[in-house]
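**Student:** Below are the structure tokens for one structure; questions will follow.
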Amino acid sequence: MHYNPMELMICCAARLLEDGKTAAVGTGVPCAAAMLAQRTCAPHLVILFEAGGVAPQLPTMPISVGDSRTFYRGVMATSMCDIMETCQRGLIDYTFLGGAQIDAHGNLNSTMIGRDYARPDVRLPGSGGANDLASLCWRILVVTIHDRRRFVERLDFLTTPGYLSGPGAREAAGLPPGTGPYRVITDLAVIGYHEQTKRMEVLSLHPGVGLEKVREATGFELHVREPLAVTEPPTEAELRILREEVDPHRYCIGR
Amino acid sequence: MHYNPMELMICCAARLLEDGKTAAVGTGVPCAAAMLAQRTCAPHLVILFEAGGVAPQLPTMPISVGDSRTFYRGVMATSMCDIMETCQRGLIDYTFLGGAQIDAHGNLNSTMIGRDYARPDVRLPGSGGANDLASLCWRILVVTIHDRRRFVERLDFLTTPGYLSGPGAREAAGLPPGTGPYRVITDLAVIGYHEQTKRMEVLSLHPGVGLEKVREATGFELHVREPLAVTEPPTEAELRILREEVDPHRYCIGR
Amino acid sequence: MNSLPQGTGALFADPSANRAREAFAAKPRALCDKLTTVADAVARLVRDGDYLAIGGFGANRLPTAVVHEVLRQGKQDLSFAGHTATHDFQILCAGNLTGRGRTLAKVDVAYVVGLEARGLSPHARRVIESGEVECVEWSNYTLAVRLKAAAMGLPFLPARSLLGTDTFRHSAAKVIVCPFTGEKLVALPALYPDVSAIHVHEADRYGNCRIRGTTVADIELARASKRLIITCERLIPNDEIRRDPTRTVIPFLCVDAVCEVHYGSYPGNMPYEYFSDEDHLRRWLTVEKDLDAYKRFLEEHVYGVKDFAEYLQRCGGLPRMQQLRQREFLLDRGR
Amino acid sequence: MNSLPQGTGALFADPSANRAREAFAAKPRALCDKLTTVADAVARLVRDGDYLAIGGFGANRLPTAVVHEVLRQGKQDLSFAGHTATHDFQILCAGNLTGRGRTLAKVDVAYVVGLEARGLSPHARRVIESGEVECVEWSNYTLAVRLKAAAMGLPFLPARSLLGTDTFRHSAAKVIVCPFTGEKLVALPALYPDVSAIHVHEADRYGNCRIRGTTVADIELARASKRLIITCERLIPNDEIRRDPTRTVIPFLCVDAVCEVHYGSYPGNMPYEYFSDEDHLRRWLTVEKDLDAYKRFLEEHVYGVKDFAEYLQRCGGLPRMQQLRQREFLLDRGR
């Protein structure tokens, strides 16, 4: 069955979510992944939105992290502090983030492109809730297009913490122990982090993608976990649910 | 018109409450005073209870600071933190407190009688909300029976701050500036605090009470503000409202 | 900096946010059925030596059934958050000096021994004055702030009361200075209770809860607790919870057991349901004066009954509850 | 201790709890009638140079009428809490670089310039990239915590995010160490806005407010603000507030003006009322690309209309609102 890169990425992300766990999600791809997971591998996955929605029965994809869909038939509509403090207490397992730039340690930039903070070339929104979620949830997932503009040796601005400068750096900075980047899902590969160096490590290449292509699209040195696997393509069931139930208007998966 | 000491004390306390102000009250005499004030000198007085009741239309005297009367037809039923933080922000003008012992600076003991904290002669409830209200509201009112067991030179335990050791001590301890004891209403007199020393100063004697009697009932040196006034006795209107509307079952004013 | 005052009291619970995260990490998160009996909940979730906290305020919205069950199961050496504890503290004290070991070992005191305007509990005084329970002093707000710190996943929070008093001196608080303004503040260590019980109006079987009226410190307490027992007046369908998620104040994520206990706050007040039974509370205070009489009373009302429903029966059963419901709605006053 | 990191950003508002208390002490407390027009509320309560904060999240439950009025009255040199600010920030940016002086001077950034999945605002980018607005960085939660500190009457609160990042470096936060556990924390200075606006579902004329759905940071914001303008979908009688005080989330004590504004969150979403007008928001983003076209658009939709009702009329009036109501309840999907 044919599928596009976005569909593959969403399926990969969904499969990473364990049943019976909690995930703080945003709109778009993360939300689609969580919705797909609930309908496949993780029927008891609990999703939360930072503006206050807890365990909604999403009727459609939300447009905003705070719109009324995010608590549609939820079990609680609460406050941002309550959600973030639930993360801070250690009750939220996964969060999904993105950014304009990511480095080898999974640090993210969503603040600015340029060299001068006071006069940026491009001003981006800033942290939003990303810095908080990446600091406070147990495992950070990133879903992103894979190219050299995004996968950079040096961020223009470190908005959101990955492993910061490497092993032990999060703990040294005061972030809760045991938290940190977990997986990066791109249109080329599924990437984890090397146990010792806390730098990105390719775990599987998407069908038809060679390691060279991934290296060319990456502005820093990548570890490779041997033997390097090939990403399991989406199943027919996954694609059907994704297309018919999760994103029938194709907001995320495109036309 | 005849009245008893409790009725006089409640009327004196009510008259101290300015219209359009806020008061954190408890059960019993303070509540009766606030209810009387609302029906006489301070129709726009807003009362709050530390358990979360805001501006109730009290149908009867509450039995507990947290019972359902304390938010009966209130404008908000909230949390203890919300009430106390409203005090902490500086929005609450008056609070009413009591205690087993009070000293010349208006400090209160409601924790224990005895010399050994670990083995008290009498264990009392502790601060409750008193320490917080006395720290955070602008003006502290105390209503109490006047005798040497209560008005002591040295507290067995300083539960709740008055002026602590004297002028500047509250600010030095870190308590919000401009707060502190305001009046003590006893069955003998109305007492304020001396501007310089922050020690108790008799402002008026109740009808028929001599200064000597007050001094005998007090275990410490009292200032006297000259010329010493005689407390205005309760008016007929005050007594009628107190007996018929505020405390028809005579819980506070006795039989 | 070293000259800033600090309290001399002990910490009865670990304020570490990192260690609390480990405990919360192990908590189940899925929407699963938590409906059980009070006896089962207390047997599984309350352990000897635990730090226990009880919701409500005084005798209002009190999870009485859980407190009785703690006595009946003979739990020992508990630490307790004495946060405007009145009848709950009185009940727990019945496990000390009555020949059944020592239920209470340590108490964080904000308000104990008293029952507000009703007077002091003779037996609670006996227990504390005996010296067999270690006490540390706080105030209602600062103890609530300690729970709030835990609910926020922090090791401490600042506040502006307690300062300058013996209450502070006998607490485990410390004075700190604001790093921005230089204002002095009291630093309060987070309080993560091992186990708590809260009585609510309505809950579904997953533990999503609604409370009507004041929430006191229960929103914080629910989130602060490592284990949480909910008793509710009425079990409601999850569908009803989802119909109006704004009304949920405690989410299922915090909850370990849900027990349906009608009149569960008796003899306390349950707002919008029934008023307190002042006669019964007065009887309790009176009978405590004589220790032997009190032991017989406890046998009759707690130890010798199989569950809370039987206790209610001994206290007048449904006809009495009907009177208290009328009193709550002021219907006994001709309204 | 001196070696602990601290941010290099400026503080745009005074975090002193003592000075905030002075401001709150002067606030009227009685239940008095605060009903007025948006024009009057903004004229009286928003002053040049003020620190302004806006409630809701993104374009959800947005007090749009107040934000338009701030532009119309040409308020200048505001500081702004960019707390998941999307359409509100976009509107305020219309007061910069459009020949009407400088509405925005300073911004505490948690989220600005973007409109979530809808993309970036070209004009907001223009304004920030010009350098004429001073920015300091935060995150959504830490900015909410700053408001919470103020709501609690404190000069600061700790949290556990922000640490180790450039966001921290460009903030005004400081690293502190827990006095009990030694755990590192970020200290966040309290944010007491001079003036804020929040849109709610229902309010009485004294300012007691109800919100349905998520409250975002508005419970904190209402309490943190020295002056507060409430717009509401529906004015309700005080009697209805008193019928169910549990539903009140903002008390009259916090409120300085109450304005009834039907469809007041348009073009944003108002939960349980109407969905966002995505066509209109898309049009706004498109027209911004060309500054002259944008100025004409602003003239037509903000500067050249007398009030919010006229703006709604220009955006399709009641028939459009009816469509958005159907969308909110999914009635356009055959339900």
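Residue names in the structure tokens use chain letters A, B, ... in the order shown, residue numbers from 1 in each chain, and ligand numbers from 1 in the order shown.
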Can you pull out every residue within 12 Å of Ala172 of chain C, counting only C-alpha atoms, but drop anything in the same chain fewer than 2 positions away, and send it as a ChimeraX atom specification?
**Tutor:** /C:5-15,108-109,135-139,142-143,146,156,162,166-170,174-175,186-191 /D:179-180
**Student:** Near chain B, meaning an atom within 6 Å, which residues of chain C appear when counting only C-alpha atoms? Write them as a PyMOL selection string.
**Tutor:** chain C and resi 57+60+110-114+125+129+131+139-140+161+163-167+184+213-217+271
**Student:** For those residues, write N, CA and C atoms to a file as a short mmCIF file (atom, residue, chain, number, x, y, z; two decimals), in the first residue's frame.
**Tutor:**
```cif
data_model
loop_
_atom_site.label_atom_id
_atom_site.label_comp_id
_atom_site.auth_asym_id
_atom_site.auth_seq_id
_atom_site.Cartn_x
_atom_site.Cartn_y
_atom_site.Cartn_z
N PHE C 57 -12.14 20.15 55.87
CA PHE C 57 -11.76 21.17 56.85
C PHE C 57 -12.52 20.86 58.12
N ASN C 60 -15.85 18.98 58.23
CA ASN C 60 -16.60 19.22 56.99
C ASN C 60 -15.97 18.46 55.84
N ALA C 110 -1.10 22.03 62.64
CA ALA C 110 -1.56 23.39 62.36
C ALA C 110 -2.73 23.66 63.28
N TYR C 111 -3.64 22.68 63.33
CA TYR C 111 -4.77 22.76 64.26
C TYR C 111 -5.16 21.34 64.62
N VAL C 112 -4.99 20.97 65.88
CA VAL C 112 -5.38 19.64 66.35
C VAL C 112 -6.00 19.80 67.74
N VAL C 113 -6.45 18.72 68.31
CA VAL C 113 -6.97 18.65 69.68
C VAL C 113 -8.33 19.33 69.82
N GLY C 114 -8.52 20.46 69.15
CA GLY C 114 -9.77 21.19 69.26
C GLY C 114 -10.80 20.73 68.24
N ARG C 125 -6.14 15.59 73.91
CA ARG C 125 -5.24 16.26 74.87
C ARG C 125 -4.40 15.24 75.62
N GLU C 129 -0.52 15.44 75.40
CA GLU C 129 0.13 15.84 76.66
C GLU C 129 0.97 14.71 77.25
N GLY C 131 3.09 13.08 75.70
CA GLY C 131 4.41 13.14 75.10
C GLY C 131 4.71 11.97 74.17
N SER C 139 1.11 26.39 60.54
CA SER C 139 -0.18 27.07 60.56
C SER C 139 -1.02 26.47 59.44
N ASN C 140 -2.30 26.78 59.42
CA ASN C 140 -3.15 26.21 58.37
C ASN C 140 -2.62 26.54 56.98
N SER C 161 4.02 34.18 56.12
CA SER C 161 3.57 34.11 57.52
C SER C 161 4.57 33.30 58.33
N LEU C 163 6.69 33.93 60.31
CA LEU C 163 7.92 34.64 60.67
C LEU C 163 7.85 35.27 62.06
N GLY C 164 8.94 35.16 62.79
CA GLY C 164 9.08 35.88 64.06
C GLY C 164 8.43 35.23 65.26
N THR C 165 7.86 34.03 65.11
CA THR C 165 7.06 33.44 66.19
C THR C 165 7.66 32.13 66.70
N ASP C 166 7.14 31.67 67.85
CA ASP C 166 7.51 30.34 68.34
C ASP C 166 6.97 29.25 67.41
N THR C 167 5.88 29.56 66.75
CA THR C 167 5.37 28.58 65.78
C THR C 167 6.45 28.29 64.75
N LYS C 184 12.38 39.26 52.96
CA LYS C 184 12.49 38.00 53.71
C LYS C 184 11.23 37.17 53.53
N GLY C 213 -18.81 23.45 46.69
CA GLY C 213 -18.45 24.26 47.85
C GLY C 213 -16.96 24.43 47.95
N THR C 214 -16.49 24.79 49.13
CA THR C 214 -15.07 25.08 49.29
C THR C 214 -14.24 23.81 49.10
N THR C 215 -13.08 23.99 48.48
CA THR C 215 -12.20 22.85 48.25
C THR C 215 -11.11 22.75 49.32
N VAL C 216 -11.04 23.75 50.19
CA VAL C 216 -10.07 23.79 51.28
C VAL C 216 -8.66 23.57 50.70
N ALA C 217 -7.96 22.51 51.08
CA ALA C 217 -6.63 22.28 50.48
C ALA C 217 -6.63 20.98 49.69
N PRO C 271 -21.42 19.73 52.48
CA PRO C 271 -22.15 20.86 51.87
C PRO C 271 -23.12 20.39 50.78
#
```
**Student:** Env of Ala53 of chain D: 6 Å cut, atoms = only C-alpha atoms, seq-sep filter 4 positions within chain, self excluded. Answer as a list of chain:residue names.
**Tutor:**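 These residues fall inside the cut-off: D:Phe80, D:Ala81, D:Ser196.
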**Student:** Restrict the selected residues to all heavy atoms and save them as a tab-separated table (two decimals), in the first residue's frame.
**Tutor:**
```tsv
chain	number	residue	atom	x	y	z
D	80	PHE	N	4.35	43.98	27.58
D	80	PHE	CA	3.34	42.97	27.30
D	80	PHE	C	3.81	41.59	27.74
D	80	PHE	O	4.98	41.24	27.54
D	80	PHE	CB	3.01	42.98	25.81
D	80	PHE	CG	1.93	42.00	25.41
D	80	PHE	CD1	0.61	42.22	25.79
D	80	PHE	CD2	2.24	40.87	24.66
D	80	PHE	CE1	-0.39	41.32	25.43
D	80	PHE	CE2	1.24	39.97	24.30
D	80	PHE	CZ	-0.08	40.19	24.68
D	81	ALA	N	2.89	40.83	28.32
D	81	ALA	CA	3.17	39.45	28.71
D	81	ALA	C	2.83	38.53	27.54
D	81	ALA	O	1.67	38.24	27.30
D	81	ALA	CB	2.37	39.06	29.95
D	196	SER	N	-4.82	44.09	33.02
D	196	SER	CA	-5.06	42.88	32.24
D	196	SER	C	-6.50	42.87	31.76
D	196	SER	O	-7.36	43.57	32.30
D	196	SER	CB	-4.82	41.64	33.09
D	196	SER	OG	-3.50	41.60	33.54
```
**Student:** Show me, as a list in words, the residues of chain C whose atoms get within 6 Å of chain D, using only C-alpha atoms for the distance check.
**Tutor:** Ser16, Thr181, Arg212, Gly213 and Thr246 of chain C
**Student:** Would you put the residues from that selection into a file with N, CA and C atoms, as an mmCIF file, in the first residue's frame?
**Tutor:**
```
data_model
loop_
_atom_site.group_PDB
_atom_site.id
_atom_site.type_symbol
_atom_site.label_atom_id
_atom_site.label_comp_id
_atom_site.auth_asym_id
_atom_site.auth_seq_id
_atom_site.Cartn_x
_atom_site.Cartn_y
_atom_site.Cartn_z
ATOM 1 N N SER C 16 12.087 15.954 48.991
ATOM 2 C CA SER C 16 12.805 15.927 47.711
ATOM 3 C C SER C 16 11.861 15.771 46.526
ATOM 4 N N THR C 181 14.191 40.768 45.259
ATOM 5 C CA THR C 181 13.794 41.983 45.975
ATOM 6 C C THR C 181 14.441 42.109 47.344
ATOM 7 N N ARG C 212 -18.438 20.146 45.503
ATOM 8 C CA ARG C 212 -19.246 21.367 45.550
ATOM 9 C C ARG C 212 -18.911 22.142 46.819
ATOM 10 N N GLY C 213 -18.807 23.448 46.691
ATOM 11 C CA GLY C 213 -18.454 24.260 47.851
ATOM 12 C C GLY C 213 -16.955 24.428 47.949
ATOM 13 N N THR C 246 -15.223 20.720 33.061
ATOM 14 C CA THR C 246 -14.873 21.893 33.876
ATOM 15 C C THR C 246 -15.072 21.606 35.358
#
```
**Student:** Apply DSSP to the structure's backbone, then extract all residues of segment 6-72 of chain A labelled strand (DSSP E or B) and return them as a PyMOL selection string.
**Tutor:** chain A and resi 22-24+46-48+53-54
**Student:** If you run DSSP on this backbone, which residues of segment 47-228 of chain A come out as helix (DSSP H, G or I), and could you give them as a PyMOL selection string?
**Tutor:** chain A and resi 68-71+80-88+130-136+169-173+211-216
**Student:** Considering only C-alpha atoms, tabulate each residue of segment 89-111 of chain B that lies at most 10 Å from segment 210-218 of chain B along with its nearest interatomic pair and the corresponding distance in Å to one decimal; arrange the rows by chain and ascending residue number and present them as CSV.
**Tutor:**
```
residue,atom,partner,partner_atom,distance
B:Ile102,CA,B:Thr218,CA,9.9
B:Asp103,CA,B:Thr218,CA,9.3
B:Ala104,CA,B:Thr218,CA,9.2
```
**Student:** Filtering to C-alpha atoms, could you give me those residues as a PDB file, in the first residue's frame?
**Tutor:**
```pdb
ATOM      1  CA  ILE B 102      -2.036  37.747  74.974  1.00  0.00           C
ATOM      2  CA  ASP B 103       0.928  39.965  75.849  1.00  0.00           C
ATOM      3  CA  ALA B 104       1.471  43.718  75.859  1.00  0.00           C
TER       4      ALA B 104
END
```
**Student:** Leaving out segment 245-250 of chain A and any residue of its chain fewer than 2 positions from it, which residues lie within 12 Å of it when counting only C-alpha atoms, given as number ranges by chain?
**Tutor:** A: 4, 6-7, 10-11, 14, 27-40, 57-62, 237-243, 252-255
**Student:** Go ahead and save the picked residues with N, CA and C atoms, as a short mmCIF file (atom, residue, chain, number, x, y, z; two decimals), in the first residue's frame.
**Tutor:**
```
data_model
loop_
_atom_site.label_atom_id
_atom_site.label_comp_id
_atom_site.auth_asym_id
_atom_site.auth_seq_id
_atom_site.Cartn_x
_atom_site.Cartn_y
_atom_site.Cartn_z
N ASN A 4 2.84 8.23 2.11
CA ASN A 4 3.78 9.35 1.95
C ASN A 4 4.65 9.48 3.20
N MET A 6 4.99 11.73 5.44
CA MET A 6 4.31 12.20 6.64
C MET A 6 3.54 11.05 7.30
N GLU A 7 2.90 10.25 6.47
CA GLU A 7 2.17 9.10 7.01
C GLU A 7 3.11 8.13 7.72
N ILE A 10 4.19 9.65 11.10
CA ILE A 10 3.12 9.57 12.11
C ILE A 10 2.99 8.15 12.64
N CYS A 11 3.09 7.18 11.74
CA CYS A 11 2.99 5.78 12.18
C CYS A 11 4.16 5.41 13.09
N ALA A 14 3.59 6.99 16.45
CA ALA A 14 2.51 6.32 17.18
C ALA A 14 3.02 5.04 17.84
N THR A 27 -0.69 20.29 18.56
CA THR A 27 -1.55 20.07 17.40
C THR A 27 -0.72 19.39 16.30
N GLY A 28 -1.38 19.05 15.19
CA GLY A 28 -0.67 18.53 14.03
C GLY A 28 -0.17 17.12 14.23
N VAL A 29 1.05 16.87 13.75
CA VAL A 29 1.61 15.51 13.71
C VAL A 29 1.59 14.81 15.09
N PRO A 30 2.04 15.46 16.17
CA PRO A 30 2.01 14.78 17.46
C PRO A 30 0.61 14.32 17.83
N CYS A 31 -0.35 15.19 17.59
CA CYS A 31 -1.72 14.84 17.93
C CYS A 31 -2.20 13.67 17.06
N ALA A 32 -1.87 13.72 15.78
CA ALA A 32 -2.25 12.62 14.89
C ALA A 32 -1.61 11.31 15.36
N ALA A 33 -0.36 11.38 15.77
CA ALA A 33 0.34 10.18 16.23
C ALA A 33 -0.33 9.61 17.48
N ALA A 34 -0.67 10.49 18.41
CA ALA A 34 -1.30 10.02 19.64
C ALA A 34 -2.68 9.43 19.35
N MET A 35 -3.43 10.08 18.45
CA MET A 35 -4.75 9.57 18.10
C MET A 35 -4.63 8.20 17.42
N LEU A 36 -3.63 8.07 16.56
CA LEU A 36 -3.41 6.79 15.89
C LEU A 36 -3.01 5.72 16.91
N ALA A 37 -2.13 6.08 17.82
CA ALA A 37 -1.70 5.13 18.85
C ALA A 37 -2.89 4.63 19.66
N GLN A 38 -3.79 5.55 20.01
CA GLN A 38 -4.97 5.16 20.80
C GLN A 38 -5.83 4.15 20.05
N ARG A 39 -5.77 4.20 18.72
CA ARG A 39 -6.61 3.32 17.92
C ARG A 39 -5.86 2.06 17.48
N THR A 40 -4.56 1.96 17.86
CA THR A 40 -3.78 0.78 17.45
C THR A 40 -3.05 0.17 18.66
N GLN A 57 -11.84 13.09 24.13
CA GLN A 57 -12.18 12.17 23.04
C GLN A 57 -12.24 13.03 21.79
N LEU A 58 -11.08 13.27 21.19
CA LEU A 58 -10.96 14.26 20.12
C LEU A 58 -11.90 13.94 18.95
N PRO A 59 -12.78 14.88 18.65
CA PRO A 59 -13.71 14.64 17.55
C PRO A 59 -13.07 14.96 16.20
N THR A 60 -12.10 15.87 16.21
CA THR A 60 -11.35 16.26 15.02
C THR A 60 -9.97 16.67 15.54
N MET A 61 -9.05 16.94 14.62
CA MET A 61 -7.75 17.46 15.03
C MET A 61 -7.95 18.89 15.54
N PRO A 62 -7.38 19.23 16.69
CA PRO A 62 -7.47 20.63 17.15
C PRO A 62 -6.66 21.55 16.23
N ALA A 237 -3.70 -1.43 8.11
CA ALA A 237 -4.62 -1.03 9.18
C ALA A 237 -4.26 0.36 9.70
N GLU A 238 -2.96 0.59 9.92
CA GLU A 238 -2.53 1.90 10.40
C GLU A 238 -2.95 3.00 9.42
N LEU A 239 -2.68 2.75 8.14
CA LEU A 239 -2.97 3.78 7.13
C LEU A 239 -4.47 4.04 7.03
N ARG A 240 -5.25 2.96 7.11
CA ARG A 240 -6.69 3.14 7.00
C ARG A 240 -7.21 3.99 8.17
N ILE A 241 -6.75 3.65 9.37
CA ILE A 241 -7.22 4.41 10.55
C ILE A 241 -6.73 5.85 10.48
N LEU A 242 -5.48 6.02 10.09
CA LEU A 242 -4.92 7.37 9.99
C LEU A 242 -5.72 8.21 9.00
N ARG A 243 -6.01 7.62 7.84
CA ARG A 243 -6.68 8.39 6.79
C ARG A 243 -8.18 8.56 7.03
N CYS A 252 -2.82 16.95 8.27
CA CYS A 252 -1.42 16.61 8.55
C CYS A 252 -0.79 15.82 7.41
N ILE A 253 -1.52 14.85 6.94
CA ILE A 253 -0.89 13.90 6.02
C ILE A 253 -0.86 14.45 4.60
N GLY A 254 -1.52 15.58 4.40
CA GLY A 254 -1.46 16.22 3.08
C GLY A 254 -2.31 15.52 2.05
N ARG A 255 -2.36 16.13 0.87
CA ARG A 255 -3.23 15.61 -0.20
C ARG A 255 -2.44 14.92 -1.29
#
```
**Student:** When you look at Leu205 of chain B with a cut-off of 8 Å (counting only C-alpha atoms), what residues show up, excluding the ones that are within fewer than 2 positions of it in the same chain? I need them as a ChimeraX atom specification.
**Tutor:** /B:188-190,202-203,207-211,228-231
**Student:** Any idea what's packed within 8 Å of Ile229 of chain C, counting only C-alpha atoms, ignoring anything in its chain fewer than 6 positions away? Could you give it as a list in words?
**Tutor:**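 Skipping anything fewer than 6 positions along the chain leaves Ala41, Leu45, Val195, Ser196, Ala197, Ile198, Val255, Asp256, Ala257, Val258 and Cys259 of chain C.
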**Student:** Store the residues picked out above in a file with N, CA, C and O atoms, as a short mmCIF file (atom, residue, chain, number, x, y, z; two decimals), in the first residue's frame.
**Tutor:**
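Result written to result34.cif:
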```cif
data_model
loop_
_atom_site.label_atom_id
_atom_site.label_comp_id
_atom_site.auth_asym_id
_atom_site.auth_seq_id
_atom_site.Cartn_x
_atom_site.Cartn_y
_atom_site.Cartn_z
N ALA C 41 -9.33 -0.74 50.37
CA ALA C 41 -8.47 0.42 50.08
C ALA C 41 -7.50 0.67 51.22
O ALA C 41 -6.30 0.87 51.00
N LEU C 45 -3.56 0.29 50.84
CA LEU C 45 -2.90 1.58 50.59
C LEU C 45 -2.36 2.29 51.83
O LEU C 45 -1.53 3.18 51.71
N VAL C 195 0.06 8.63 51.91
CA VAL C 195 -1.32 8.25 51.58
C VAL C 195 -2.27 9.29 52.15
O VAL C 195 -2.03 9.86 53.22
N SER C 196 -3.33 9.56 51.39
CA SER C 196 -4.33 10.53 51.83
C SER C 196 -5.71 9.99 51.51
O SER C 196 -5.87 9.10 50.66
N ALA C 197 -6.70 10.55 52.18
CA ALA C 197 -8.09 10.23 51.88
C ALA C 197 -8.88 11.52 51.79
O ALA C 197 -8.70 12.43 52.61
N ILE C 198 -9.72 11.61 50.76
CA ILE C 198 -10.54 12.80 50.52
C ILE C 198 -11.96 12.34 50.23
O ILE C 198 -12.16 11.39 49.47
N VAL C 255 -5.48 9.25 41.61
CA VAL C 255 -6.32 8.42 42.49
C VAL C 255 -5.96 6.94 42.41
O VAL C 255 -5.72 6.41 41.33
N ASP C 256 -5.94 6.28 43.59
CA ASP C 256 -5.64 4.85 43.64
C ASP C 256 -6.84 3.98 44.00
O ASP C 256 -6.85 2.80 43.68
N ALA C 257 -7.81 4.54 44.69
CA ALA C 257 -9.00 3.76 45.05
C ALA C 257 -10.20 4.70 45.13
O ALA C 257 -10.07 5.85 45.56
N VAL C 258 -11.34 4.19 44.67
CA VAL C 258 -12.59 4.94 44.74
C VAL C 258 -13.59 4.09 45.51
O VAL C 258 -13.80 2.92 45.19
N CYS C 259 -14.19 4.68 46.56
CA CYS C 259 -15.17 3.95 47.37
C CYS C 259 -16.44 4.79 47.46
O CYS C 259 -16.37 5.97 47.81
#
```
**Student:** From the list D:Asn238, D:Ser276, D:Ser225, D:Asn96, which residue is nearest Arg89 of chain B when using only C-alpha atoms?
**Tutor:** D:Ser225
**Student:** How many Å lie between atom CA of Gln313 of chain D and atom CA of Leu104 of chain D, rounded to one decimal?
**Tutor:**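 Between these atoms lies a distance of 27.8 Å.
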